[in-house]
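Here is the file query-v7.tsv (TSV, C-alpha atoms and all ligand atoms).
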```tsv
chain	number	residue	atom	x	y	z
A	1	MET	CA	142.26	129.60	75.60
A	2	ALA	CA	141.06	132.85	77.12
A	3	ILE	CA	143.63	132.67	79.92
A	4	GLU	CA	146.84	130.68	79.90
A	5	THR	CA	149.64	130.89	82.42
A	6	SER	CA	153.05	129.30	82.34
A	7	ALA	CA	155.06	129.00	85.57
A	8	LEU	CA	153.54	132.31	86.65
A	9	THR	CA	155.30	133.38	89.84
A	10	LYS	CA	155.19	136.35	92.20
A	11	CYS	CA	157.65	136.87	94.99
A	12	TYR	CA	157.09	140.06	97.00
A	13	GLU	CA	160.64	141.17	97.54
A	14	LYS	CA	160.11	143.44	100.52
A	15	ASN	CA	158.98	140.59	102.77
A	16	ASP	CA	160.31	137.71	100.65
A	17	ILE	CA	156.88	136.07	100.38
A	18	LEU	CA	156.35	133.65	97.53
A	19	ALA	CA	152.71	134.57	96.96
A	20	VAL	CA	152.23	132.66	93.69
A	21	ASP	CA	154.46	129.74	92.86
A	22	ARG	CA	154.82	128.52	89.26
A	23	LEU	CA	151.12	128.60	88.49
A	24	GLU	CA	150.01	126.60	85.46
A	25	LEU	CA	146.45	126.99	84.38
A	26	SER	CA	144.31	127.44	81.31
A	27	VAL	CA	140.80	128.72	81.08
A	28	GLU	CA	138.76	127.95	78.02
A	29	ALA	CA	136.83	130.82	76.42
A	30	GLY	CA	133.21	131.05	77.53
A	31	THR	CA	133.72	129.20	80.79
A	32	ILE	CA	133.63	130.21	84.45
A	33	TYR	CA	136.77	129.38	86.42
A	34	ALA	CA	136.99	129.69	90.19
A	35	LEU	CA	140.21	129.98	92.12
A	36	LEU	CA	139.29	128.62	95.55
A	37	GLY	CA	141.57	128.99	98.53
A	38	PRO	CA	141.97	130.27	102.09
A	39	ASN	CA	143.20	133.71	103.19
A	40	GLY	CA	146.67	134.43	101.90
A	41	ALA	CA	146.61	131.62	99.32
A	42	GLY	CA	147.64	133.95	96.50
A	43	LYS	CA	144.27	134.54	94.80
A	44	THR	CA	144.39	138.33	94.67
A	45	THR	CA	148.04	138.27	93.62
A	46	THR	CA	147.18	135.92	90.74
A	47	LEU	CA	144.36	138.17	89.61
A	48	SER	CA	146.56	141.25	89.96
A	49	MET	CA	149.13	139.73	87.62
A	50	LEU	CA	146.54	138.58	85.09
A	51	THR	CA	144.97	142.04	85.06
A	52	THR	CA	148.44	143.67	84.62
A	53	LEU	CA	148.36	145.54	87.95
A	54	VAL	CA	151.31	143.66	89.43
A	55	PRO	CA	154.24	142.43	87.31
A	56	PRO	CA	155.18	138.75	87.67
A	57	THR	CA	158.60	137.90	89.10
A	58	SER	CA	158.94	135.14	86.51
A	59	GLY	CA	156.84	133.06	84.17
A	60	SER	CA	154.27	134.38	81.73
A	61	ALA	CA	150.59	134.55	80.92
A	62	ARG	CA	148.31	135.39	78.03
A	63	VAL	CA	144.88	136.89	78.61
A	64	ALA	CA	142.34	137.38	75.80
A	65	GLY	CA	145.08	136.74	73.25
A	66	ALA	CA	147.69	139.16	74.58
A	67	ASP	CA	150.78	138.83	76.74
A	68	ILE	CA	150.40	140.40	80.20
A	69	VAL	CA	153.97	141.71	80.29
A	70	ARG	CA	154.62	142.68	76.67
A	71	GLU	CA	151.12	143.93	75.76
A	72	PRO	CA	149.53	145.13	79.00
A	73	HIS	CA	147.43	147.84	77.32
A	74	VAL	CA	145.95	145.29	74.89
A	75	VAL	CA	145.08	143.04	77.82
A	76	ARG	CA	143.51	145.97	79.67
A	77	SER	CA	141.36	146.93	76.72
A	78	ARG	CA	139.88	143.43	76.58
A	79	ILE	CA	139.16	142.74	80.24
A	80	GLY	CA	136.94	143.93	83.06
A	81	VAL	CA	137.91	143.78	86.73
A	82	THR	CA	136.19	144.11	90.06
A	83	PHE	CA	138.32	144.26	93.17
A	84	GLN	CA	138.06	142.59	96.54
A	85	GLU	CA	137.99	145.92	98.35
A	86	ILE	CA	135.20	148.20	97.24
A	87	VAL	CA	136.87	151.16	95.54
A	88	LEU	CA	133.87	153.24	94.52
A	89	ASP	CA	133.92	157.00	94.89
A	90	LYS	CA	131.16	157.47	97.42
A	91	ASP	CA	130.52	161.10	96.49
A	92	LEU	CA	129.35	160.11	93.03
A	93	LYS	CA	125.97	158.82	91.97
A	94	GLY	CA	125.78	155.26	90.69
A	95	ARG	CA	125.16	156.39	87.14
A	96	GLU	CA	128.17	158.76	87.28
A	97	VAL	CA	130.48	155.96	88.42
A	98	LEU	CA	129.60	154.02	85.28
A	99	ASP	CA	129.75	157.06	83.03
A	100	TYR	CA	133.22	158.14	84.23
A	101	HIS	CA	134.50	154.64	83.78
A	102	GLY	CA	133.25	154.63	80.18
A	103	GLN	CA	134.86	158.01	79.58
A	104	LEU	CA	138.15	156.74	80.96
A	105	TYR	CA	138.07	154.06	78.28
A	106	GLY	CA	137.16	156.56	75.58
A	107	MET	CA	133.66	155.28	74.95
A	108	PRO	CA	131.50	157.74	73.00
A	109	ARG	CA	128.59	159.36	74.89
A	110	ARG	CA	125.81	157.56	73.08
A	111	LYS	CA	127.38	154.15	73.53
A	112	ARG	CA	128.02	154.89	77.22
A	113	HIS	CA	124.43	155.79	77.85
A	114	ASP	CA	123.03	152.73	76.08
A	115	ARG	CA	125.43	150.53	77.95
A	116	ILE	CA	124.61	152.11	81.31
A	117	ASP	CA	120.90	151.51	80.78
A	118	THR	CA	121.49	147.86	79.92
A	119	LEU	CA	123.78	147.30	82.88
A	120	LEU	CA	121.54	149.07	85.39
A	121	ASP	CA	118.81	146.69	84.26
A	122	LEU	CA	121.07	143.69	84.63
A	123	VAL	CA	122.16	144.48	88.19
A	124	GLU	CA	118.76	145.91	89.13
A	125	LEU	CA	120.00	149.33	90.17
A	126	ASN	CA	117.69	151.44	88.01
A	127	ASP	CA	115.90	152.99	90.95
A	128	ALA	CA	119.10	153.84	92.80
A	129	ALA	CA	121.16	155.05	89.81
A	130	ASP	CA	120.71	158.74	90.62
A	131	ARG	CA	121.48	158.43	94.29
A	132	LEU	CA	124.91	158.93	95.86
A	133	VAL	CA	126.88	155.72	96.24
A	134	LYS	CA	127.39	156.45	99.93
A	135	THR	CA	123.69	155.78	100.46
A	136	TYR	CA	123.98	152.27	98.93
A	137	SER	CA	123.95	149.04	100.92
A	138	GLY	CA	126.90	146.65	100.67
A	139	GLY	CA	125.04	144.49	98.17
A	140	MET	CA	124.18	147.48	95.98
A	141	LYS	CA	127.82	148.58	95.94
A	142	ARG	CA	128.93	145.12	94.86
A	143	ARG	CA	126.37	145.14	92.06
A	144	LEU	CA	127.53	148.57	90.95
A	145	GLU	CA	131.14	147.34	90.94
A	146	LEU	CA	130.04	144.44	88.77
A	147	ALA	CA	128.30	146.80	86.36
A	148	ARG	CA	131.43	148.94	86.19
A	149	GLY	CA	133.54	145.89	85.38
A	150	LEU	CA	131.16	145.20	82.48
A	151	MET	CA	131.08	148.77	81.09
A	152	THR	CA	133.63	148.13	78.36
A	153	ASP	CA	132.02	144.85	77.26
A	154	PRO	CA	135.06	142.78	78.19
A	155	GLN	CA	135.98	139.43	76.67
A	156	VAL	CA	137.27	138.25	80.02
A	157	LEU	CA	135.90	139.36	83.37
A	158	PHE	CA	137.98	139.05	86.55
A	159	LEU	CA	136.17	139.16	89.87
A	160	ASP	CA	138.06	139.12	93.15
A	161	GLU	CA	135.77	137.72	95.86
A	162	PRO	CA	132.62	139.02	94.15
A	163	THR	CA	130.27	138.11	96.96
A	164	GLN	CA	132.42	138.67	100.04
A	165	GLY	CA	130.28	140.14	102.80
A	166	LEU	CA	126.98	139.67	100.97
A	167	ASP	CA	123.96	137.98	102.51
A	168	PRO	CA	122.74	134.75	100.88
A	169	GLN	CA	120.06	136.52	98.86
A	170	ASN	CA	122.43	139.05	97.33
A	171	ARG	CA	124.97	136.32	96.75
A	172	ALA	CA	122.44	134.27	94.81
A	173	SER	CA	121.56	137.26	92.65
A	174	VAL	CA	125.22	137.93	91.77
A	175	TRP	CA	125.52	134.26	90.82
A	176	SER	CA	122.55	134.53	88.52
A	177	TYR	CA	123.96	137.66	86.77
A	178	LEU	CA	127.21	135.82	86.19
A	179	ARG	CA	125.47	132.79	84.74
A	180	GLN	CA	123.46	135.10	82.53
A	181	LEU	CA	126.63	136.79	81.24
A	182	GLN	CA	128.11	133.45	80.42
A	183	ALA	CA	124.99	132.15	78.71
A	184	ASP	CA	124.03	135.31	76.77
A	185	ARG	CA	127.42	136.69	75.82
A	186	GLY	CA	129.74	133.71	76.12
A	187	MET	CA	131.87	135.71	78.50
A	188	THR	CA	134.88	134.10	80.13
A	189	ILE	CA	134.84	134.72	83.87
A	190	MET	CA	137.60	134.10	86.38
A	191	LEU	CA	136.67	134.65	89.97
A	192	THR	CA	138.36	134.06	93.28
A	193	THR	CA	136.53	132.88	96.33
A	194	HIS	CA	137.00	131.26	99.67
A	195	TYR	CA	133.41	130.04	99.68
A	196	MET	CA	133.33	126.49	98.41
A	197	GLU	CA	129.58	126.79	97.80
A	198	GLU	CA	130.31	129.61	95.37
A	199	ALA	CA	132.79	127.56	93.40
A	200	GLU	CA	130.41	124.58	93.40
A	201	ALA	CA	127.44	126.65	92.27
A	202	LEU	CA	129.12	128.63	89.53
A	203	ALA	CA	132.29	127.23	88.16
A	204	ASP	CA	132.81	124.96	85.18
A	205	ARG	CA	136.28	124.35	86.57
A	206	VAL	CA	137.82	125.00	89.95
A	207	GLY	CA	141.47	125.44	90.82
A	208	ILE	CA	142.23	124.92	94.49
A	209	ILE	CA	145.10	127.16	95.52
A	210	ASP	CA	147.01	126.98	98.78
A	211	GLN	CA	150.21	128.82	99.74
A	212	GLY	CA	150.69	129.99	96.19
A	213	ARG	CA	150.45	126.53	94.63
A	214	LEU	CA	147.68	125.08	92.53
A	215	VAL	CA	147.04	121.86	94.44
A	216	VAL	CA	144.31	120.34	92.29
A	217	GLU	CA	142.10	121.38	89.43
A	218	GLY	CA	139.00	120.07	87.69
A	219	ALA	CA	135.24	120.28	87.27
A	220	PRO	CA	133.61	120.45	90.73
A	221	THR	CA	131.70	117.19	90.23
A	222	GLU	CA	134.86	115.45	89.00
A	223	LEU	CA	136.83	116.60	92.05
A	224	THR	CA	134.19	115.56	94.55
A	225	ALA	CA	133.45	112.24	92.79
A	226	ALA	CA	137.11	111.27	93.20
A	227	LEU	CA	136.56	111.12	96.97
A	228	GLY	CA	133.84	108.49	96.76
A	229	ALA	CA	130.08	108.72	96.44
A	230	ASP	CA	129.64	109.76	100.08
A	231	VAL	CA	131.81	111.09	102.86
A	232	ILE	CA	131.51	110.06	106.49
A	233	HIS	CA	132.84	112.51	109.08
A	234	ILE	CA	133.74	111.16	112.49
A	235	THR	CA	134.87	112.91	115.64
A	236	GLY	CA	135.42	111.41	119.05
A	237	GLN	CA	137.84	110.30	121.72
A	238	GLY	CA	140.62	107.89	120.86
A	239	ASP	CA	143.47	107.36	118.45
A	240	ALA	CA	142.21	108.88	115.18
A	241	GLU	CA	145.29	107.79	113.23
A	242	LYS	CA	144.90	104.20	114.34
A	243	LEU	CA	141.22	104.18	113.41
A	244	ALA	CA	142.07	105.76	110.05
A	245	GLY	CA	144.51	102.93	109.43
A	246	SER	CA	141.92	100.24	110.08
A	247	LEU	CA	139.32	102.06	107.99
A	248	ARG	CA	141.73	102.18	105.04
A	249	ALA	CA	141.79	98.39	105.06
A	250	LEU	CA	138.03	98.11	104.51
A	251	PRO	CA	137.14	97.21	100.91
A	252	PHE	CA	134.38	99.82	100.43
A	253	VAL	CA	136.53	102.69	101.72
A	254	GLN	CA	137.94	104.93	99.00
A	255	SER	CA	139.86	107.54	100.95
A	256	VAL	CA	140.63	108.42	104.56
A	257	GLU	CA	142.00	111.72	105.83
A	258	THR	CA	142.45	112.93	109.38
A	259	VAL	CA	142.67	116.52	110.48
A	260	SER	CA	142.77	117.85	114.02
A	261	GLY	CA	141.07	114.74	115.37
A	262	MET	CA	138.37	114.64	112.68
A	263	ILE	CA	138.32	111.66	110.34
A	264	GLN	CA	136.97	111.98	106.82
A	265	VAL	CA	136.14	108.71	105.10
A	266	GLY	CA	135.18	108.52	101.43
A	267	VAL	CA	132.94	105.52	100.76
A	268	GLU	CA	130.83	104.01	97.99
A	269	ALA	CA	127.50	104.09	99.80
A	270	GLY	CA	127.35	106.11	103.00
A	271	SER	CA	124.36	104.75	104.87
A	272	ARG	CA	125.18	101.14	104.07
A	273	SER	CA	128.80	101.56	105.15
A	274	LEU	CA	127.96	103.29	108.41
A	275	PRO	CA	127.50	100.18	110.61
A	276	GLN	CA	130.86	98.78	109.55
A	277	VAL	CA	132.57	102.10	110.23
A	278	VAL	CA	131.00	102.23	113.69
A	279	GLU	CA	132.12	98.65	114.28
A	280	ALA	CA	135.68	99.49	113.25
A	281	ALA	CA	135.67	102.39	115.72
A	282	ALA	CA	134.46	100.13	118.53
A	283	GLY	CA	137.18	97.62	117.63
A	284	GLN	CA	139.80	100.37	118.07
A	285	ASN	CA	138.25	101.65	121.34
A	286	PHE	CA	137.45	104.91	119.62
A	287	ALA	CA	134.45	106.56	121.30
A	288	ILE	CA	132.45	108.29	118.57
A	289	GLU	CA	130.99	111.65	119.60
A	290	ASP	CA	129.67	112.68	116.24
A	291	ILE	CA	129.25	110.85	112.95
A	292	SER	CA	127.54	112.07	109.78
A	293	VAL	CA	127.12	111.06	106.17
A	294	ALA	CA	127.06	113.59	103.34
A	295	GLN	CA	127.86	113.93	99.69
A	296	PRO	CA	131.42	115.18	99.33
A	297	SER	CA	131.93	118.91	98.97
A	298	LEU	CA	134.83	120.95	97.65
A	299	GLY	CA	135.70	121.49	101.32
A	300	ASP	CA	136.37	117.75	101.56
A	301	VAL	CA	138.46	117.93	98.39
A	302	PHE	CA	140.43	120.80	99.92
A	303	LEU	CA	141.04	118.80	103.08
A	304	LYS	CA	142.21	115.79	101.13
A	305	HIS	CA	144.76	117.77	99.15
A	306	THR	CA	146.05	120.15	101.82
A	307	GLY	CA	145.59	118.24	105.06
A	308	TYR	CA	143.55	120.98	106.72
A	309	ALA	CA	140.02	122.26	106.54
A	310	LEU	CA	139.13	125.27	104.41
A	311	ARG	CA	136.74	126.44	107.15
A	312	ASP	CA	139.39	126.47	109.85
A	313	VAL	CA	141.58	129.10	108.24
B	1	LIG	N1	151.69	144.00	98.25
B	1	LIG	C1	152.16	142.98	98.96
B	1	LIG	N2	153.38	143.03	99.51
B	1	LIG	C2	153.86	142.01	100.22
B	1	LIG	N3	153.21	140.85	100.45
B	1	LIG	C3	151.98	140.72	99.93
B	1	LIG	C4	151.39	141.78	99.16
B	1	LIG	N4	150.16	141.38	98.77
B	1	LIG	C5	149.99	140.14	99.27
B	1	LIG	N5	151.09	139.74	99.96
B	1	LIG	C6	151.28	138.42	100.60
B	1	LIG	O1	151.17	137.43	99.59
B	1	LIG	C7	150.42	136.30	100.04
B	1	LIG	C8	149.22	136.12	99.14
B	1	LIG	O2	148.31	137.19	99.32
B	1	LIG	P1	147.00	137.39	98.46
B	1	LIG	O3	146.43	138.70	98.83
B	1	LIG	O4	147.31	137.14	97.02
B	1	LIG	O5	146.10	136.19	99.01
B	1	LIG	P2	144.55	135.92	98.82
B	1	LIG	O6	144.42	134.49	98.46
B	1	LIG	O7	143.94	136.91	97.93
B	1	LIG	O8	143.99	136.10	100.32
B	1	LIG	P3	142.54	136.65	100.83
B	1	LIG	O9	141.62	135.45	100.79
B	1	LIG	O10	142.83	137.06	102.24
B	1	LIG	O11	142.12	137.76	99.96
B	1	LIG	C9	150.08	136.60	101.50
B	1	LIG	O12	151.05	135.97	102.29
B	1	LIG	C10	150.19	138.10	101.60
B	1	LIG	O13	150.56	138.49	102.91
B	2	MG	MG	142.44	138.28	98.15
```

Give the structure from the file, written as structure tokens.
Ligand SMILES: Nc1ncnc2c1ncn2[C@@H]1O[C@H](COP(=O)(O)OP(=O)(O)OP(=O)(O)O)[C@@H](O)[C@H]1O
Ligand SMILES: [Mg+2]
Amino acid sequence: MAIETSALTKCYEKNDILAVDRLELSVEAGTIYALLGPNGAGKTTTLSMLTTLVPPTSGSARVAGADIVREPHVVRSRIGVTFQEIVLDKDLKGREVLDYHGQLYGMPRRKRHDRIDTLLDLVELNDAADRLVKTYSGGMKRRLELARGLMTDPQVLFLDEPTQGLDPQNRASVWSYLRQLQADRGMTIMLTTHYMEEAEALADRVGIIDQGRLVVEGAPTELTAALGADVIHITGQGDAEKLAGSLRALPFVQSVETVSGMIQVGVEAGSRSLPQVVEAAAGQNFAIEDISVAQPSLGDVFLKHTGYALRDV
């Protein structure tokens, strides 16, 4: 296992917040793992502990073969990190940012320069490498951060919200670099995100985290398949709980959740089930305002396990 945690816990003493609560997870080498959760779920705190920046209150973890508390410098020498907040020195040129980082890790000049050339190619910043970082766009800064995280050729790469604030095009290109790193170098990547599409598109396994707890974990397709082949969403006027109850009794219905008046129904075959669902609503005097059929997403999985929508928070 490239990452393994055991009851990993962080309580911030000054405000008595239990940010991460007895986290148990393992990440196999060469895989991409996404921690998906809303604001304040404990994603950054988890990453901060795994990257040895914040000490755990209790529990333990091993990263790239070393213990985060007893051997923090070994862990640091084997990992790369990019942070949620962009922390680049804007008065440096892109190339200098990478070079200083390599120097900090004691990389010899020749090796640094080779590595910088390779990485600038990878993140497509060749043309901008000799410009000041303060002239970069948001997407360029993110790509430079990614290149910096890769400078020391880490075994495990940690990325905190790697595409936050990026437009869809830049987001897609970050995803493709990450897939390339996994395919070409067998790198283990742990990223945090609150975009379910990101977890769906990239991750071999997803851990859904909410209020410091890992609520469910698995391959994205496995998690969504557990809801049923399709999901019907219904909103309208009437007693949603009562309608949910009668829907649960239908043989083709696999799961029913309600949240702030919206009903989510997991079914075997969406379009074929629709008439019966509409009929059930009529039978309960529930006036449907909107009804749709879709394949289940990780957002639906989140709703099922937490009782609220990932989008709402
Ligand atoms: N340094 C700190 N001191 C005290 N409390 C903190 C500190 N850092 C985070 N917290 C609290 O711990 C909880 C988890 O925060 P964390 O930053 O890990 O969440 P997150 O999942 O990364 O959220 P986001 O999606 O907003 O980045 C929150 O309640 C937060 O207010
Ligand atoms: Mg965070």

TODO: Choose the residue, out of A:Ile234, A:Tyr308, A:Asp239, A:Ser255, that has the smallest atom-to-atom separation from Leu274 in chain A; count all atoms listed in the file.
DONE: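 Result for the nearest residue to Leu274 in chain A: A:Ile234.
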
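When only C-alpha atoms are used to compute distances to Val259 in chain A, the closest of the residues A:Val277, A:Ala240, A:Ala282, A:Ala203 turns out to be A:Ala240.
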
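Between CA of Gly42 in chain A and atom MG of ligand MG 2 (chain B) the separation is 7.0 Å.
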
Centre and edge lengths, as lines of an AutoDock Vina configuration file, for the axis-aligned box enclosing every listed atom of ligand LIG 1 (chain B) with 8 Å of padding on each of the six sides, in Å to one decimal?
```
center_x = 147.7
center_y = 139.2
center_z = 100.0
size_x = 28.2
size_y = 25.5
size_z = 21.9
```

Hey, which residues sit close to ligand MG 2 (chain B)? Say within 10 Å, counting only C-alpha atoms and all ligand atoms, and write them as a CSV table (one decimal) with C-alpha atoms, keeping the file's coordinate frame.
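Resulting contents of result-v6.csv:
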```csv
chain,number,residue,atom,x,y,z
A,37,GLY,CA,141.6,129.0,98.5
A,38,PRO,CA,142.0,130.3,102.1
A,39,ASN,CA,143.2,133.7,103.2
A,40,GLY,CA,146.7,134.4,101.9
A,41,ALA,CA,146.6,131.6,99.3
A,42,GLY,CA,147.6,134.0,96.5
A,43,LYS,CA,144.3,134.5,94.8
A,44,THR,CA,144.4,138.3,94.7
A,45,THR,CA,148.0,138.3,93.6
A,46,THR,CA,147.2,135.9,90.7
A,47,LEU,CA,144.4,138.2,89.6
A,48,SER,CA,146.6,141.2,90.0
A,83,PHE,CA,138.3,144.3,93.2
A,84,GLN,CA,138.1,142.6,96.5
A,85,GLU,CA,138.0,145.9,98.4
A,160,ASP,CA,138.1,139.1,93.2
A,161,GLU,CA,135.8,137.7,95.9
A,192,THR,CA,138.4,134.1,93.3
A,193,THR,CA,136.5,132.9,96.3
A,194,HIS,CA,137.0,131.3,99.7
```

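The coordinates place CA of Gly212 in chain A at 11.7 Å from atom N4 of ligand LIG 1 (chain B).
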
Open item on the list: I need the residue nearest ligand LIG 1 (chain B) from this list: A:Thr224, A:Gln164, A:Gln180, A:Ser60. Use all atoms listed in the file for the distance.
Closed with: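 For ligand LIG 1 (chain B), the nearest of the candidates is A:Gln164.
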
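Shortest atom-to-atom contact with ligand LIG 1 (chain B) among A:Leu191, A:Val63, A:Met1, A:Ala244: A:Leu191, counting all atoms listed in the file.
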
Generate N, CA and C atoms for range 120-148 of chain A and emit them as a PDB file, keeping the file's coordinate frame.
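See rebuild.pdb below for the written result:
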```
ATOM      1  N   LEU A 120     122.368 148.768  84.213  1.00  0.00           N
ATOM      2  CA  LEU A 120     121.540 149.070  85.390  1.00  0.00           C
ATOM      3  C   LEU A 120     120.369 148.091  85.463  1.00  0.00           C
ATOM      4  N   ASP A 121     119.852 147.711  84.299  1.00  0.00           N
ATOM      5  CA  ASP A 121     118.810 146.690  84.260  1.00  0.00           C
ATOM      6  C   ASP A 121     119.340 145.365  84.791  1.00  0.00           C
ATOM      7  N   LEU A 122     120.491 144.993  84.271  1.00  0.00           N
ATOM      8  CA  LEU A 122     121.070 143.690  84.630  1.00  0.00           C
ATOM      9  C   LEU A 122     121.264 143.573  86.134  1.00  0.00           C
ATOM     10  N   VAL A 123     121.860 144.587  86.752  1.00  0.00           N
ATOM     11  CA  VAL A 123     122.160 144.480  88.190  1.00  0.00           C
ATOM     12  C   VAL A 123     121.052 145.093  89.056  1.00  0.00           C
ATOM     13  N   GLU A 124     119.944 145.418  88.415  1.00  0.00           N
ATOM     14  CA  GLU A 124     118.760 145.910  89.130  1.00  0.00           C
ATOM     15  C   GLU A 124     119.061 147.115  90.019  1.00  0.00           C
ATOM     16  N   LEU A 125     119.729 148.103  89.417  1.00  0.00           N
ATOM     17  CA  LEU A 125     120.000 149.330  90.170  1.00  0.00           C
ATOM     18  C   LEU A 125     119.346 150.553  89.526  1.00  0.00           C
ATOM     19  N   ASN A 126     118.367 150.320  88.679  1.00  0.00           N
ATOM     20  CA  ASN A 126     117.690 151.440  88.010  1.00  0.00           C
ATOM     21  C   ASN A 126     117.201 152.505  88.983  1.00  0.00           C
ATOM     22  N   ASP A 127     116.534 152.045  90.035  1.00  0.00           N
ATOM     23  CA  ASP A 127     115.900 152.990  90.950  1.00  0.00           C
ATOM     24  C   ASP A 127     116.911 153.770  91.770  1.00  0.00           C
ATOM     25  N   ALA A 128     118.102 153.204  91.943  1.00  0.00           N
ATOM     26  CA  ALA A 128     119.100 153.840  92.800  1.00  0.00           C
ATOM     27  C   ALA A 128     120.165 154.586  91.994  1.00  0.00           C
ATOM     28  N   ALA A 129     120.064 154.546  90.668  1.00  0.00           N
ATOM     29  CA  ALA A 129     121.160 155.050  89.810  1.00  0.00           C
ATOM     30  C   ALA A 129     121.473 156.522  90.047  1.00  0.00           C
ATOM     31  N   ASP A 130     120.478 157.302  90.458  1.00  0.00           N
ATOM     32  CA  ASP A 130     120.710 158.740  90.620  1.00  0.00           C
ATOM     33  C   ASP A 130     120.861 159.146  92.082  1.00  0.00           C
ATOM     34  N   ARG A 131     121.161 158.154  92.893  1.00  0.00           N
ATOM     35  CA  ARG A 131     121.480 158.430  94.290  1.00  0.00           C
ATOM     36  C   ARG A 131     122.980 158.331  94.516  1.00  0.00           C
ATOM     37  N   LEU A 132     123.481 159.019  95.548  1.00  0.00           N
ATOM     38  CA  LEU A 132     124.910 158.930  95.860  1.00  0.00           C
ATOM     39  C   LEU A 132     125.263 157.512  96.325  1.00  0.00           C
ATOM     40  N   VAL A 133     126.449 157.072  95.900  1.00  0.00           N
ATOM     41  CA  VAL A 133     126.880 155.720  96.240  1.00  0.00           C
ATOM     42  C   VAL A 133     126.975 155.529  97.752  1.00  0.00           C
ATOM     43  N   LYS A 134     127.258 156.622  98.470  1.00  0.00           N
ATOM     44  CA  LYS A 134     127.390 156.450  99.930  1.00  0.00           C
ATOM     45  C   LYS A 134     126.073 156.082 100.605  1.00  0.00           C
ATOM     46  N   THR A 135     124.966 156.198  99.882  1.00  0.00           N
ATOM     47  CA  THR A 135     123.690 155.780 100.460  1.00  0.00           C
ATOM     48  C   THR A 135     123.354 154.321 100.097  1.00  0.00           C
ATOM     49  N   TYR A 136     124.250 153.661  99.363  1.00  0.00           N
ATOM     50  CA  TYR A 136     123.980 152.270  98.930  1.00  0.00           C
ATOM     51  C   TYR A 136     124.287 151.288 100.058  1.00  0.00           C
ATOM     52  N   SER A 137     123.602 150.160 100.028  1.00  0.00           N
ATOM     53  CA  SER A 137     123.950 149.040 100.920  1.00  0.00           C
ATOM     54  C   SER A 137     125.159 148.322 100.334  1.00  0.00           C
ATOM     55  N   GLY A 138     125.750 147.428 101.136  1.00  0.00           N
ATOM     56  CA  GLY A 138     126.900 146.650 100.670  1.00  0.00           C
ATOM     57  C   GLY A 138     126.596 145.884  99.385  1.00  0.00           C
ATOM     58  N   GLY A 139     125.428 145.268  99.343  1.00  0.00           N
ATOM     59  CA  GLY A 139     125.040 144.490  98.170  1.00  0.00           C
ATOM     60  C   GLY A 139     124.890 145.362  96.930  1.00  0.00           C
ATOM     61  N   MET A 140     124.353 146.555  97.120  1.00  0.00           N
ATOM     62  CA  MET A 140     124.180 147.480  95.980  1.00  0.00           C
ATOM     63  C   MET A 140     125.548 147.921  95.458  1.00  0.00           C
ATOM     64  N   LYS A 141     126.481 148.165  96.374  1.00  0.00           N
ATOM     65  CA  LYS A 141     127.820 148.580  95.940  1.00  0.00           C
ATOM     66  C   LYS A 141     128.497 147.480  95.122  1.00  0.00           C
ATOM     67  N   ARG A 142     128.349 146.247  95.598  1.00  0.00           N
ATOM     68  CA  ARG A 142     128.930 145.120  94.860  1.00  0.00           C
ATOM     69  C   ARG A 142     128.338 145.040  93.461  1.00  0.00           C
ATOM     70  N   ARG A 143     127.029 145.232  93.373  1.00  0.00           N
ATOM     71  CA  ARG A 143     126.370 145.140  92.060  1.00  0.00           C
ATOM     72  C   ARG A 143     126.820 146.275  91.157  1.00  0.00           C
ATOM     73  N   LEU A 144     127.042 147.451  91.750  1.00  0.00           N
ATOM     74  CA  LEU A 144     127.530 148.570  90.950  1.00  0.00           C
ATOM     75  C   LEU A 144     128.960 148.301  90.461  1.00  0.00           C
ATOM     76  N   GLU A 145     129.772 147.715  91.336  1.00  0.00           N
ATOM     77  CA  GLU A 145     131.140 147.340  90.940  1.00  0.00           C
ATOM     78  C   GLU A 145     131.098 146.369  89.759  1.00  0.00           C
ATOM     79  N   LEU A 146     130.168 145.413  89.849  1.00  0.00           N
ATOM     80  CA  LEU A 146     130.040 144.440  88.770  1.00  0.00           C
ATOM     81  C   LEU A 146     129.669 145.139  87.466  1.00  0.00           C
ATOM     82  N   ALA A 147     128.714 146.056  87.554  1.00  0.00           N
ATOM     83  CA  ALA A 147     128.300 146.800  86.360  1.00  0.00           C
ATOM     84  C   ALA A 147     129.480 147.586  85.795  1.00  0.00           C
ATOM     85  N   ARG A 148     130.274 148.172  86.673  1.00  0.00           N
ATOM     86  CA  ARG A 148     131.430 148.940  86.190  1.00  0.00           C
ATOM     87  C   ARG A 148     132.421 148.034  85.449  1.00  0.00           C
TER      88      ARG A 148
END
```
